[in-house]
Amino acid sequence: LGYAAAGAVLAKAADLPFAQCVQENVFAPLGMGHSGVIQGSVPPTGAAGLYVKDAADRFQMIPPVDSDHPAASGAWASVGDAARFLQVLLNDGALDGAALLKPESLRALFTAPKQFPQAGLGWFLGDFLGKKSFSHAGGLPGAIAEMRGFPEDKSGVVVLTNADGHSLTGQVIWAVANALYPGAKEKDETPEETPNTDAEAFHGDWAATLEHYSGKVALTLLIENEDTAYLRFEEGPMRRLQNFSLMGNEVSGYLWTDFPARADTHCPVKVRL
C-alpha cells in the first residue's frame with residue numbers, strides 16, 4: 001500500500017502516468033533498456049515465463065499478476081538493468097555521468113528513524129556478515145527477487161527468479177556474500193541463546209497461537225524438510241509456505257490465504273522456534 005501511494009503521489013506531482021514518469025526519469029537516463037512498467041496481465045516482450053508449483057509439486061506457467069498498483073508490483077527489469085540501478089545507490093546517486101539522486105535524497109533513503117532502526121525509505125538496513133548493508137526482497141506468484149548492497153565497498157548482489165516455492169534467492173545472496181567476504185561472520189546479537197543449527201531438529205509439527213485483532217488464532221506449522229513447510233490457520237487446509245527458509249531457529253516465508261476476510265491476501269510469515 002505504501003508503494004502504491006508513493007507512486008500515485010509521484011504521478012500527480014509529475015503530471016504524468018507513473019509508467020511514463022519512471023521511464024523518462026529513471027530507466028532512460030540510466031540506460032536501462034530492458035526495463036519497463038506494465039499494467040495488466042500482458043508481460044513485456046522478452047520477459048521470462050512465471051512458474052508456480054501445483055498440488056503435485058510440479059511447476060506450472062501462469063500469467064503475470066494483474067495489478068492496479070504498478071508502483072508496488074508493475075516494474076519489470078533484466079538482472080543487468082537491476083544491477084545498474086543498484087550501482088546508482090552505491091555510487092553516490094549517479095552512473096555513467098547521469099545523476100539520478102541528490103546527495104540529500106540518497107542520505108534520506110538510508111537513514112532510519114530511532115523507533116525503527118532497521119527501516120530506511122524502502123530499504124532494510126543492518127549488518128550482513130559483519131558488513132553494513134541495505135536490502136529489499138519480495139515476490140509475487142511466479143517470481144521472487146532480492147537486491148542487497150554493501151555501501152562501504154560499493155558492491156552488491158541482485159537475484160531474480162521466475163518461480164516461487166523455493167529459497168534460492170537467499171541462498172545465492174549468502175553464497176555471493178561469502179565469496180565477497182570470506183571468513184566474515186554475522187554479529188551475535190543474542191549471545192545468551194545460541195540457535196540450534198541442526199535443521200533436522202526442527203522437522204515435524206509445531207503448534208502456536210497468533211494474536212490477531214479478531215482474537216487468538218490457532219496455527220499449525222509442518223516442516224517436512226529444509227525446502228518444504230506448510231501452515232494452517234485454525235482447522236483450515238494446510239497451505240504450502242512459498243520462499244520457505246529455515247535459518248537457525250527462524251522460519252520465514254509467505255503464503256496466499258483467505259484468512260481472515262479478504263481473498264488472495266499476501267500473508268508474510270516469520271516464526272522463531
# chains A, B, ... in the order shown; residues from 1 in each chain; ligands from 1
>>> select_by_dssp(residues="region 62-153 of chain A", states="alpha helix (DSSP H)", output="compact mmCIF listing (two decimals) with N, CA and C atoms, in the first residue's frame")
# COMPACT_ATOMS: atom_id res chain seq x y z
N PRO A 70 0.88 -0.22 -10.07
CA PRO A 70 2.16 -0.50 -10.75
C PRO A 70 3.38 -0.12 -9.95
N ALA A 71 3.29 0.87 -9.08
CA ALA A 71 4.47 1.26 -8.30
C ALA A 71 4.89 0.17 -7.33
N ALA A 72 3.95 -0.69 -6.95
CA ALA A 72 4.27 -1.75 -6.00
C ALA A 72 4.66 -3.05 -6.69
N SER A 73 4.09 -3.34 -7.84
CA SER A 73 4.35 -4.65 -8.44
C SER A 73 4.29 -4.66 -9.95
N VAL A 79 18.21 -8.66 -15.11
CA VAL A 79 19.12 -8.62 -13.97
C VAL A 79 20.23 -7.60 -14.20
N GLY A 80 20.61 -7.40 -15.48
CA GLY A 80 21.62 -6.39 -15.77
C GLY A 80 21.13 -4.99 -15.48
N ASP A 81 19.88 -4.71 -15.86
CA ASP A 81 19.30 -3.39 -15.58
C ASP A 81 19.14 -3.17 -14.09
N ALA A 82 18.68 -4.21 -13.38
CA ALA A 82 18.52 -4.07 -11.93
C ALA A 82 19.87 -3.81 -11.26
N ALA A 83 20.93 -4.43 -11.79
CA ALA A 83 22.26 -4.19 -11.25
C ALA A 83 22.71 -2.75 -11.50
N ARG A 84 22.32 -2.17 -12.64
CA ARG A 84 22.66 -0.76 -12.91
C ARG A 84 21.96 0.15 -11.90
N PHE A 85 20.72 -0.16 -11.57
CA PHE A 85 20.01 0.63 -10.57
C PHE A 85 20.71 0.54 -9.21
N LEU A 86 21.16 -0.68 -8.86
CA LEU A 86 21.87 -0.86 -7.60
C LEU A 86 23.18 -0.07 -7.61
N GLN A 87 23.85 -0.02 -8.76
CA GLN A 87 25.10 0.74 -8.86
C GLN A 87 24.88 2.22 -8.54
N VAL A 88 23.74 2.76 -8.95
CA VAL A 88 23.44 4.16 -8.65
C VAL A 88 23.43 4.40 -7.14
N LEU A 89 22.80 3.49 -6.42
CA LEU A 89 22.71 3.63 -4.97
C LEU A 89 24.06 3.47 -4.29
N LEU A 90 24.98 2.75 -4.94
CA LEU A 90 26.31 2.53 -4.37
C LEU A 90 27.32 3.56 -4.85
N PRO A 103 22.48 14.20 -3.23
CA PRO A 103 23.09 13.60 -2.04
C PRO A 103 22.14 13.54 -0.85
N GLU A 104 21.35 14.59 -0.65
CA GLU A 104 20.44 14.58 0.49
C GLU A 104 19.31 13.55 0.32
N SER A 105 18.93 13.30 -0.93
CA SER A 105 17.91 12.28 -1.18
C SER A 105 18.47 10.89 -0.90
N LEU A 106 19.72 10.67 -1.31
CA LEU A 106 20.36 9.37 -1.07
C LEU A 106 20.51 9.12 0.43
N ARG A 107 20.89 10.17 1.18
CA ARG A 107 21.03 10.01 2.63
C ARG A 107 19.69 9.66 3.27
N ALA A 108 18.62 10.28 2.76
CA ALA A 108 17.29 10.01 3.32
C ALA A 108 16.88 8.56 3.12
N LEU A 109 17.28 7.95 2.00
CA LEU A 109 16.94 6.56 1.73
C LEU A 109 17.49 5.63 2.81
>>> closest_atom_pairs(of="region 86-133 of chain A", to="region 11-33 of chain A", cutoff="8 Å", atoms="only C-alpha atoms", output="tab-separated table")
residue	atom	partner	partner_atom	distance
A:Leu95	CA	A:Leu30	CA	6.8
A:Asp96	CA	A:Leu30	CA	7.8
A:Ala98	CA	A:Pro29	CA	6.2
A:Leu100	CA	A:Val26	CA	7.1
>>> write_last_selection(atoms="N, CA, C and O atoms", output="compact mmCIF listing (two decimals), in the first residue's frame")
# COMPACT_ATOMS: atom_id res chain seq x y z
N LEU A 95 25.45 7.43 -12.26
CA LEU A 95 26.02 6.33 -13.02
C LEU A 95 26.32 6.81 -14.44
O LEU A 95 25.45 7.38 -15.10
N ASP A 96 27.53 6.59 -14.88
CA ASP A 96 27.95 6.96 -16.24
C ASP A 96 27.62 8.41 -16.58
O ASP A 96 27.16 8.73 -17.68
N ALA A 98 25.23 10.21 -15.43
CA ALA A 98 23.82 10.56 -15.21
C ALA A 98 23.54 10.60 -13.71
O ALA A 98 23.71 9.60 -13.02
N LEU A 100 21.05 10.67 -10.81
CA LEU A 100 19.65 10.33 -10.58
C LEU A 100 19.14 10.90 -9.27
O LEU A 100 18.00 11.36 -9.18
>>> select_by_dssp(residues="region 11-258 of chain A", states="strand (DSSP E or B)", output="VMD selection string")
chain A and resid 35 to 37 40 50 to 53 59 to 62 67 75 to 77 94 to 95 98 to 99 119 124 to 128 131 to 140 143 to 150 155 to 161 163 204 to 212 215 to 225 228 to 233 239 to 240 242 to 247 250 to 257
>>> atom_distance(atom1="CA of Val52 (chain A)", atom2="CA of Ala229 (chain A)")
15.5 Å
>>> atom_distance(atom1="CA of Gly183 (chain A)", atom2="CA of His136 (chain A)")
24.2 Å
>>> residues_around(residues="Asn162 (chain A)", least_positions_apart="2", cutoff="7 Å", atoms="only C-alpha atoms", output="ChimeraX atom specification")
/A:48-51,142-144,160
>>> residues_around(residues="Glu146 (chain A)", least_positions_apart="4", cutoff="8 Å", atoms="only C-alpha atoms", output="mmCIF file with all heavy atoms, in the first residue's frame")
data_model
loop_
_atom_site.group_PDB
_atom_site.id
_atom_site.type_symbol
_atom_site.label_atom_id
_atom_site.label_comp_id
_atom_site.auth_asym_id
_atom_site.auth_seq_id
_atom_site.Cartn_x
_atom_site.Cartn_y
_atom_site.Cartn_z
ATOM 1 N N SER A 135 19.026 -3.776 1.923
ATOM 2 C CA SER A 135 18.446 -4.827 1.090
ATOM 3 C C SER A 135 16.947 -4.647 0.960
ATOM 4 O O SER A 135 16.304 -3.961 1.751
ATOM 5 C CB SER A 135 18.741 -6.206 1.688
ATOM 6 O OG SER A 135 18.049 -6.375 2.919
ATOM 7 N N HIS A 136 16.409 -5.290 -0.066
ATOM 8 C CA HIS A 136 14.956 -5.398 -0.215
ATOM 9 C C HIS A 136 14.681 -6.669 -1.003
ATOM 10 O O HIS A 136 15.336 -6.953 -1.999
ATOM 11 C CB HIS A 136 14.366 -4.195 -0.950
ATOM 12 C CG HIS A 136 12.877 -4.107 -0.779
ATOM 13 N ND1 HIS A 136 12.272 -3.199 0.058
ATOM 14 C CD2 HIS A 136 11.867 -4.840 -1.309
ATOM 15 C CE1 HIS A 136 10.959 -3.360 0.037
ATOM 16 N NE2 HIS A 136 10.695 -4.349 -0.790
ATOM 17 N N ALA A 137 13.722 -7.435 -0.528
ATOM 18 C CA ALA A 137 13.320 -8.669 -1.190
ATOM 19 C C ALA A 137 11.807 -8.705 -1.291
ATOM 20 O O ALA A 137 11.100 -8.047 -0.526
ATOM 21 C CB ALA A 137 13.824 -9.889 -0.424
ATOM 22 N N GLY A 138 11.313 -9.450 -2.238
ATOM 23 C CA GLY A 138 9.865 -9.558 -2.376
ATOM 24 C C GLY A 138 9.507 -10.570 -3.440
ATOM 25 O O GLY A 138 10.373 -11.151 -4.103
ATOM 26 N N VAL A 158 22.291 -8.867 -7.023
ATOM 27 C CA VAL A 158 20.896 -8.876 -7.476
ATOM 28 C C VAL A 158 20.545 -10.290 -7.893
ATOM 29 O O VAL A 158 21.278 -10.917 -8.666
ATOM 30 C CB VAL A 158 20.678 -7.923 -8.664
ATOM 31 C CG1 VAL A 158 19.238 -8.041 -9.170
ATOM 32 C CG2 VAL A 158 20.981 -6.488 -8.277
ATOM 33 N N VAL A 159 19.448 -10.816 -7.378
ATOM 34 C CA VAL A 159 18.986 -12.152 -7.752
ATOM 35 C C VAL A 159 17.535 -12.052 -8.207
ATOM 36 O O VAL A 159 16.677 -11.580 -7.458
ATOM 37 C CB VAL A 159 19.090 -13.150 -6.579
ATOM 38 C CG1 VAL A 159 18.655 -14.538 -7.039
ATOM 39 C CG2 VAL A 159 20.514 -13.198 -6.031
ATOM 40 N N LEU A 160 17.254 -12.485 -9.427
ATOM 41 C CA LEU A 160 15.896 -12.535 -9.961
ATOM 42 C C LEU A 160 15.572 -13.982 -10.321
ATOM 43 O O LEU A 160 16.381 -14.654 -10.963
ATOM 44 C CB LEU A 160 15.754 -11.662 -11.215
ATOM 45 C CG LEU A 160 16.191 -10.200 -11.134
ATOM 46 C CD1 LEU A 160 15.939 -9.510 -12.474
ATOM 47 C CD2 LEU A 160 15.471 -9.469 -10.020
ATOM 48 N N THR A 169 16.834 -17.482 -3.711
ATOM 49 C CA THR A 169 17.334 -16.105 -3.665
ATOM 50 C C THR A 169 18.217 -15.884 -2.446
ATOM 51 O O THR A 169 19.328 -15.367 -2.553
ATOM 52 C CB THR A 169 16.172 -15.104 -3.662
ATOM 53 O OG1 THR A 169 15.230 -15.470 -2.637
ATOM 54 C CG2 THR A 169 15.469 -15.078 -4.998
ATOM 55 N N GLY A 170 17.727 -16.286 -1.287
ATOM 56 C CA GLY A 170 18.519 -16.130 -0.080
ATOM 57 C C GLY A 170 19.802 -16.941 -0.121
ATOM 58 O O GLY A 170 20.859 -16.482 0.328
#
>>> residues_around(residues="Gln118 (chain A)", least_positions_apart="3", cutoff="12 Å", atoms="only C-alpha atoms", output="PyMOL selection string")
chain A and resi 109-115+121-127+132-136
>>> write_last_selection(atoms="all heavy atoms", output="short mmCIF file (atom, residue, chain, number, x, y, z; two decimals), in the first residue's frame")
data_model
loop_
_atom_site.label_atom_id
_atom_site.label_comp_id
_atom_site.auth_asym_id
_atom_site.auth_seq_id
_atom_site.Cartn_x
_atom_site.Cartn_y
_atom_site.Cartn_z
N LEU A 109 17.28 7.95 2.00
CA LEU A 109 16.94 6.56 1.73
C LEU A 109 17.49 5.63 2.81
O LEU A 109 16.85 4.65 3.20
CB LEU A 109 17.48 6.12 0.37
CG LEU A 109 16.79 6.63 -0.89
CD1 LEU A 109 17.51 6.10 -2.12
CD2 LEU A 109 15.33 6.23 -0.92
N PHE A 110 18.69 5.96 3.29
CA PHE A 110 19.39 5.04 4.18
C PHE A 110 19.53 5.58 5.59
O PHE A 110 20.42 5.17 6.34
CB PHE A 110 20.76 4.71 3.59
CG PHE A 110 20.69 4.13 2.20
CD1 PHE A 110 21.35 4.73 1.14
CD2 PHE A 110 19.92 3.01 1.96
CE1 PHE A 110 21.27 4.20 -0.13
CE2 PHE A 110 19.83 2.47 0.69
CZ PHE A 110 20.51 3.07 -0.36
N THR A 111 18.66 6.49 5.97
CA THR A 111 18.62 7.00 7.34
C THR A 111 17.38 6.46 8.03
O THR A 111 16.26 6.74 7.60
CB THR A 111 18.62 8.53 7.36
OG1 THR A 111 19.81 9.02 6.71
CG2 THR A 111 18.60 9.05 8.80
N ALA A 112 17.58 5.71 9.09
CA ALA A 112 16.46 5.09 9.79
C ALA A 112 16.01 5.95 10.97
O ALA A 112 16.84 6.55 11.65
CB ALA A 112 16.86 3.71 10.30
N PRO A 113 14.71 6.04 11.22
CA PRO A 113 14.23 6.74 12.42
C PRO A 113 14.61 5.96 13.67
O PRO A 113 14.81 4.74 13.62
CB PRO A 113 12.71 6.77 12.21
CG PRO A 113 12.42 5.60 11.33
CD PRO A 113 13.60 5.47 10.42
N LYS A 114 14.69 6.64 14.80
CA LYS A 114 15.13 6.00 16.03
C LYS A 114 14.21 4.85 16.43
O LYS A 114 14.66 3.83 16.97
CB LYS A 114 15.20 7.03 17.15
CG LYS A 114 16.32 8.05 16.98
CD LYS A 114 16.37 9.02 18.15
CE LYS A 114 17.50 10.02 17.98
NZ LYS A 114 17.57 10.99 19.12
N GLN A 115 12.90 5.01 16.18
CA GLN A 115 11.97 3.96 16.62
C GLN A 115 12.00 2.73 15.71
O GLN A 115 11.52 1.67 16.09
CB GLN A 115 10.55 4.52 16.71
CG GLN A 115 9.97 5.04 15.40
CD GLN A 115 10.24 6.51 15.20
OE1 GLN A 115 11.33 6.98 15.50
NE2 GLN A 115 9.25 7.22 14.69
N LEU A 121 14.00 4.26 3.78
CA LEU A 121 12.89 4.51 2.86
C LEU A 121 12.91 3.45 1.76
O LEU A 121 13.59 3.58 0.75
CB LEU A 121 13.01 5.91 2.25
CG LEU A 121 12.78 7.08 3.20
CD1 LEU A 121 12.97 8.41 2.48
CD2 LEU A 121 11.39 7.01 3.81
N GLY A 122 12.17 2.38 2.00
CA GLY A 122 12.12 1.30 1.02
C GLY A 122 13.23 0.28 1.16
O GLY A 122 13.30 -0.66 0.36
N TRP A 123 14.08 0.43 2.17
CA TRP A 123 15.21 -0.49 2.32
C TRP A 123 15.32 -0.97 3.76
O TRP A 123 15.06 -0.21 4.69
CB TRP A 123 16.52 0.20 1.92
CG TRP A 123 16.55 0.59 0.48
CD1 TRP A 123 16.24 1.82 -0.05
CD2 TRP A 123 16.83 -0.26 -0.62
NE1 TRP A 123 16.34 1.79 -1.42
CE2 TRP A 123 16.70 0.52 -1.80
CE3 TRP A 123 17.20 -1.60 -0.74
CZ2 TRP A 123 16.92 0.00 -3.06
CZ3 TRP A 123 17.41 -2.12 -2.02
CH2 TRP A 123 17.28 -1.32 -3.15
N PHE A 124 15.73 -2.22 3.92
CA PHE A 124 16.02 -2.76 5.23
C PHE A 124 17.51 -2.55 5.50
O PHE A 124 18.35 -2.88 4.66
CB PHE A 124 15.67 -4.25 5.30
CG PHE A 124 14.21 -4.52 5.09
CD1 PHE A 124 13.75 -4.98 3.86
CD2 PHE A 124 13.31 -4.31 6.11
CE1 PHE A 124 12.39 -5.22 3.66
CE2 PHE A 124 11.95 -4.55 5.92
CZ PHE A 124 11.50 -5.00 4.70
N LEU A 125 17.83 -1.99 6.65
CA LEU A 125 19.20 -1.62 6.97
C LEU A 125 19.73 -2.51 8.09
O LEU A 125 18.98 -2.92 8.98
CB LEU A 125 19.26 -0.15 7.42
CG LEU A 125 18.54 0.86 6.52
CD1 LEU A 125 18.62 2.25 7.13
CD2 LEU A 125 19.14 0.85 5.12
N GLY A 126 21.02 -2.78 8.06
CA GLY A 126 21.61 -3.59 9.13
C GLY A 126 22.91 -4.21 8.68
O GLY A 126 23.38 -4.00 7.56
N ASP A 127 23.51 -5.00 9.56
CA ASP A 127 24.74 -5.70 9.24
C ASP A 127 24.44 -7.05 8.60
O ASP A 127 23.48 -7.72 8.96
CB ASP A 127 25.57 -5.92 10.50
CG ASP A 127 26.22 -4.64 11.00
OD1 ASP A 127 26.27 -3.66 10.22
OD2 ASP A 127 26.64 -4.60 12.17
N LYS A 132 28.05 -3.35 6.84
CA LYS A 132 26.87 -2.52 6.69
C LYS A 132 26.20 -2.86 5.36
O LYS A 132 26.87 -2.98 4.34
CB LYS A 132 27.24 -1.04 6.73
CG LYS A 132 27.62 -0.53 8.11
CD LYS A 132 27.86 0.98 8.10
CE LYS A 132 28.18 1.46 9.51
NZ LYS A 132 28.43 2.93 9.53
N SER A 133 24.89 -2.96 5.41
CA SER A 133 24.19 -3.45 4.23
C SER A 133 22.79 -2.85 4.15
O SER A 133 22.20 -2.48 5.16
CB SER A 133 24.09 -4.98 4.30
OG SER A 133 23.29 -5.51 3.28
N PHE A 134 22.27 -2.75 2.93
CA PHE A 134 20.86 -2.43 2.72
C PHE A 134 20.30 -3.45 1.76
O PHE A 134 21.00 -3.98 0.90
CB PHE A 134 20.68 -1.00 2.18
CG PHE A 134 21.33 -0.73 0.85
CD1 PHE A 134 20.68 -1.02 -0.34
CD2 PHE A 134 22.60 -0.17 0.79
CE1 PHE A 134 21.26 -0.76 -1.57
CE2 PHE A 134 23.21 0.09 -0.44
CZ PHE A 134 22.54 -0.21 -1.62
N SER A 135 19.03 -3.78 1.92
CA SER A 135 18.45 -4.83 1.09
C SER A 135 16.95 -4.65 0.96
O SER A 135 16.30 -3.96 1.75
CB SER A 135 18.74 -6.21 1.69
OG SER A 135 18.05 -6.38 2.92
N HIS A 136 16.41 -5.29 -0.07
CA HIS A 136 14.96 -5.40 -0.22
C HIS A 136 14.68 -6.67 -1.00
O HIS A 136 15.34 -6.95 -2.00
CB HIS A 136 14.37 -4.19 -0.95
CG HIS A 136 12.88 -4.11 -0.78
ND1 HIS A 136 12.27 -3.20 0.06
CD2 HIS A 136 11.87 -4.84 -1.31
CE1 HIS A 136 10.96 -3.36 0.04
NE2 HIS A 136 10.69 -4.35 -0.79
#
>>> closest_residue(among="A:Gly139, A:His203, A:Thr209, A:Ile38", to="Val251 (chain A)", atoms="only C-alpha atoms")
A:His203
>>> atom_distance(atom1="CA of Ala184 (chain A)", atom2="CA of Leu129 (chain A)")
5.5 Å
>>> closest_residue(among="A:Pro117, A:Leu140, A:Asp92, A:Asn225", to="Glu152 (chain A)", atoms="only C-alpha atoms")
A:Asp92
>>> residues_around(residues="Gly165 (chain A)", least_positions_apart="5", cutoff="10 Å", atoms="only C-alpha atoms", output="list of chain:residue names")
A:Tyr51, A:Val52, A:Lys53, A:Asp54, A:Asp57, A:Phe59, A:Pro141, A:Gly142, A:Ala143, A:Ile144, A:Asp227, A:Thr228, A:Ala229, A:Arg240, A:Leu241, A:Gln242, A:Asn243, A:Phe244, A:Gly253, A:Tyr254, A:Leu255
>>> write_last_selection(atoms="N, CA, C and O atoms", output="mmCIF file, in the first residue's frame")
data_model
loop_
_atom_site.group_PDB
_atom_site.id
_atom_site.type_symbol
_atom_site.label_atom_id
_atom_site.label_comp_id
_atom_site.auth_asym_id
_atom_site.auth_seq_id
_atom_site.Cartn_x
_atom_site.Cartn_y
_atom_site.Cartn_z
ATOM 1 N N TYR A 51 6.414 -19.190 -13.044
ATOM 2 C CA TYR A 51 6.025 -20.552 -12.686
ATOM 3 C C TYR A 51 5.700 -20.662 -11.201
ATOM 4 O O TYR A 51 6.368 -20.056 -10.361
ATOM 5 N N VAL A 52 4.669 -21.440 -10.897
ATOM 6 C CA VAL A 52 4.323 -21.797 -9.523
ATOM 7 C C VAL A 52 4.173 -23.310 -9.459
ATOM 8 O O VAL A 52 3.984 -23.972 -10.486
ATOM 9 N N LYS A 53 4.245 -23.846 -8.244
ATOM 10 C CA LYS A 53 4.085 -25.287 -8.077
ATOM 11 C C LYS A 53 2.629 -25.638 -7.819
ATOM 12 O O LYS A 53 1.942 -24.949 -7.060
ATOM 13 N N ASP A 54 2.165 -26.709 -8.452
ATOM 14 C CA ASP A 54 0.794 -27.153 -8.229
ATOM 15 C C ASP A 54 0.761 -28.139 -7.057
ATOM 16 O O ASP A 54 1.769 -28.341 -6.367
ATOM 17 N N ASP A 57 3.365 -30.714 -6.781
ATOM 18 C CA ASP A 57 4.732 -30.211 -6.682
ATOM 19 C C ASP A 57 5.392 -30.080 -8.050
ATOM 20 O O ASP A 57 6.605 -30.179 -8.174
ATOM 21 N N PHE A 59 5.978 -27.619 -11.513
ATOM 22 C CA PHE A 59 5.935 -26.225 -11.919
ATOM 23 C C PHE A 59 4.960 -26.030 -13.079
ATOM 24 O O PHE A 59 4.975 -26.788 -14.049
ATOM 25 N N PRO A 141 3.229 -14.284 -7.125
ATOM 26 C CA PRO A 141 3.124 -15.626 -7.690
ATOM 27 C C PRO A 141 3.965 -15.756 -8.954
ATOM 28 O O PRO A 141 3.810 -14.996 -9.909
ATOM 29 N N GLY A 142 4.932 -16.679 -8.927
ATOM 30 C CA GLY A 142 5.771 -16.916 -10.092
ATOM 31 C C GLY A 142 7.062 -16.130 -10.126
ATOM 32 O O GLY A 142 7.817 -16.245 -11.094
ATOM 33 N N ALA A 143 7.369 -15.366 -9.099
ATOM 34 C CA ALA A 143 8.610 -14.581 -9.125
ATOM 35 C C ALA A 143 9.051 -14.246 -7.709
ATOM 36 O O ALA A 143 8.229 -13.910 -6.863
ATOM 37 N N ILE A 144 10.356 -14.347 -7.467
ATOM 38 C CA ILE A 144 10.965 -13.927 -6.208
ATOM 39 C C ILE A 144 12.260 -13.210 -6.553
ATOM 40 O O ILE A 144 13.016 -13.654 -7.429
ATOM 41 N N ASP A 227 13.447 -27.650 2.565
ATOM 42 C CA ASP A 227 12.869 -26.909 1.440
ATOM 43 C C ASP A 227 11.354 -26.779 1.492
ATOM 44 O O ASP A 227 10.786 -26.010 0.715
ATOM 45 N N THR A 228 10.687 -27.510 2.375
ATOM 46 C CA THR A 228 9.228 -27.593 2.320
ATOM 47 C C THR A 228 8.611 -27.463 3.701
ATOM 48 O O THR A 228 9.006 -28.153 4.642
ATOM 49 N N ALA A 229 7.614 -26.557 3.802
ATOM 50 C CA ALA A 229 6.862 -26.388 5.047
ATOM 51 C C ALA A 229 5.443 -25.964 4.716
ATOM 52 O O ALA A 229 5.180 -25.378 3.660
ATOM 53 N N ARG A 240 1.048 -24.525 1.557
ATOM 54 C CA ARG A 240 2.499 -24.547 1.461
ATOM 55 C C ARG A 240 3.081 -23.136 1.583
ATOM 56 O O ARG A 240 2.583 -22.189 0.965
ATOM 57 N N LEU A 241 4.129 -22.997 2.389
ATOM 58 C CA LEU A 241 4.828 -21.722 2.504
ATOM 59 C C LEU A 241 5.717 -21.528 1.283
ATOM 60 O O LEU A 241 6.528 -22.384 0.942
ATOM 61 N N GLN A 242 5.550 -20.375 0.610
ATOM 62 C CA GLN A 242 6.382 -20.051 -0.531
ATOM 63 C C GLN A 242 7.655 -19.351 -0.052
ATOM 64 O O GLN A 242 7.665 -18.680 0.968
ATOM 65 N N ASN A 243 8.737 -19.518 -0.812
ATOM 66 C CA ASN A 243 10.028 -18.922 -0.460
ATOM 67 C C ASN A 243 10.419 -19.313 0.964
ATOM 68 O O ASN A 243 10.960 -18.504 1.724
ATOM 69 N N PHE A 244 10.149 -20.572 1.314
ATOM 70 C CA PHE A 244 10.411 -21.067 2.665
ATOM 71 C C PHE A 244 11.905 -21.089 2.956
ATOM 72 O O PHE A 244 12.720 -21.479 2.123
ATOM 73 N N GLY A 253 8.789 -17.109 5.266
ATOM 74 C CA GLY A 253 8.150 -17.464 4.012
ATOM 75 C C GLY A 253 6.880 -16.662 3.848
ATOM 76 O O GLY A 253 6.596 -15.752 4.623
ATOM 77 N N TYR A 254 6.108 -16.959 2.811
ATOM 78 C CA TYR A 254 4.822 -16.294 2.635
ATOM 79 C C TYR A 254 3.833 -17.262 2.019
ATOM 80 O O TYR A 254 4.200 -18.304 1.482
ATOM 81 N N LEU A 255 2.569 -16.935 2.142
ATOM 82 C CA LEU A 255 1.535 -17.773 1.556
ATOM 83 C C LEU A 255 0.353 -16.905 1.159
ATOM 84 O O LEU A 255 0.259 -15.738 1.527
#
>>> closest_residue(among="A:Met147, A:Ile223, A:Leu231, A:Ala177", to="Lys131 (chain A)", atoms="only C-alpha atoms")
A:Ala177
>>> closest_residue(among="A:Leu221, A:Ala179, A:Ala77, A:Thr161", to="Gly46 (chain A)", atoms="only C-alpha atoms")
A:Ala77
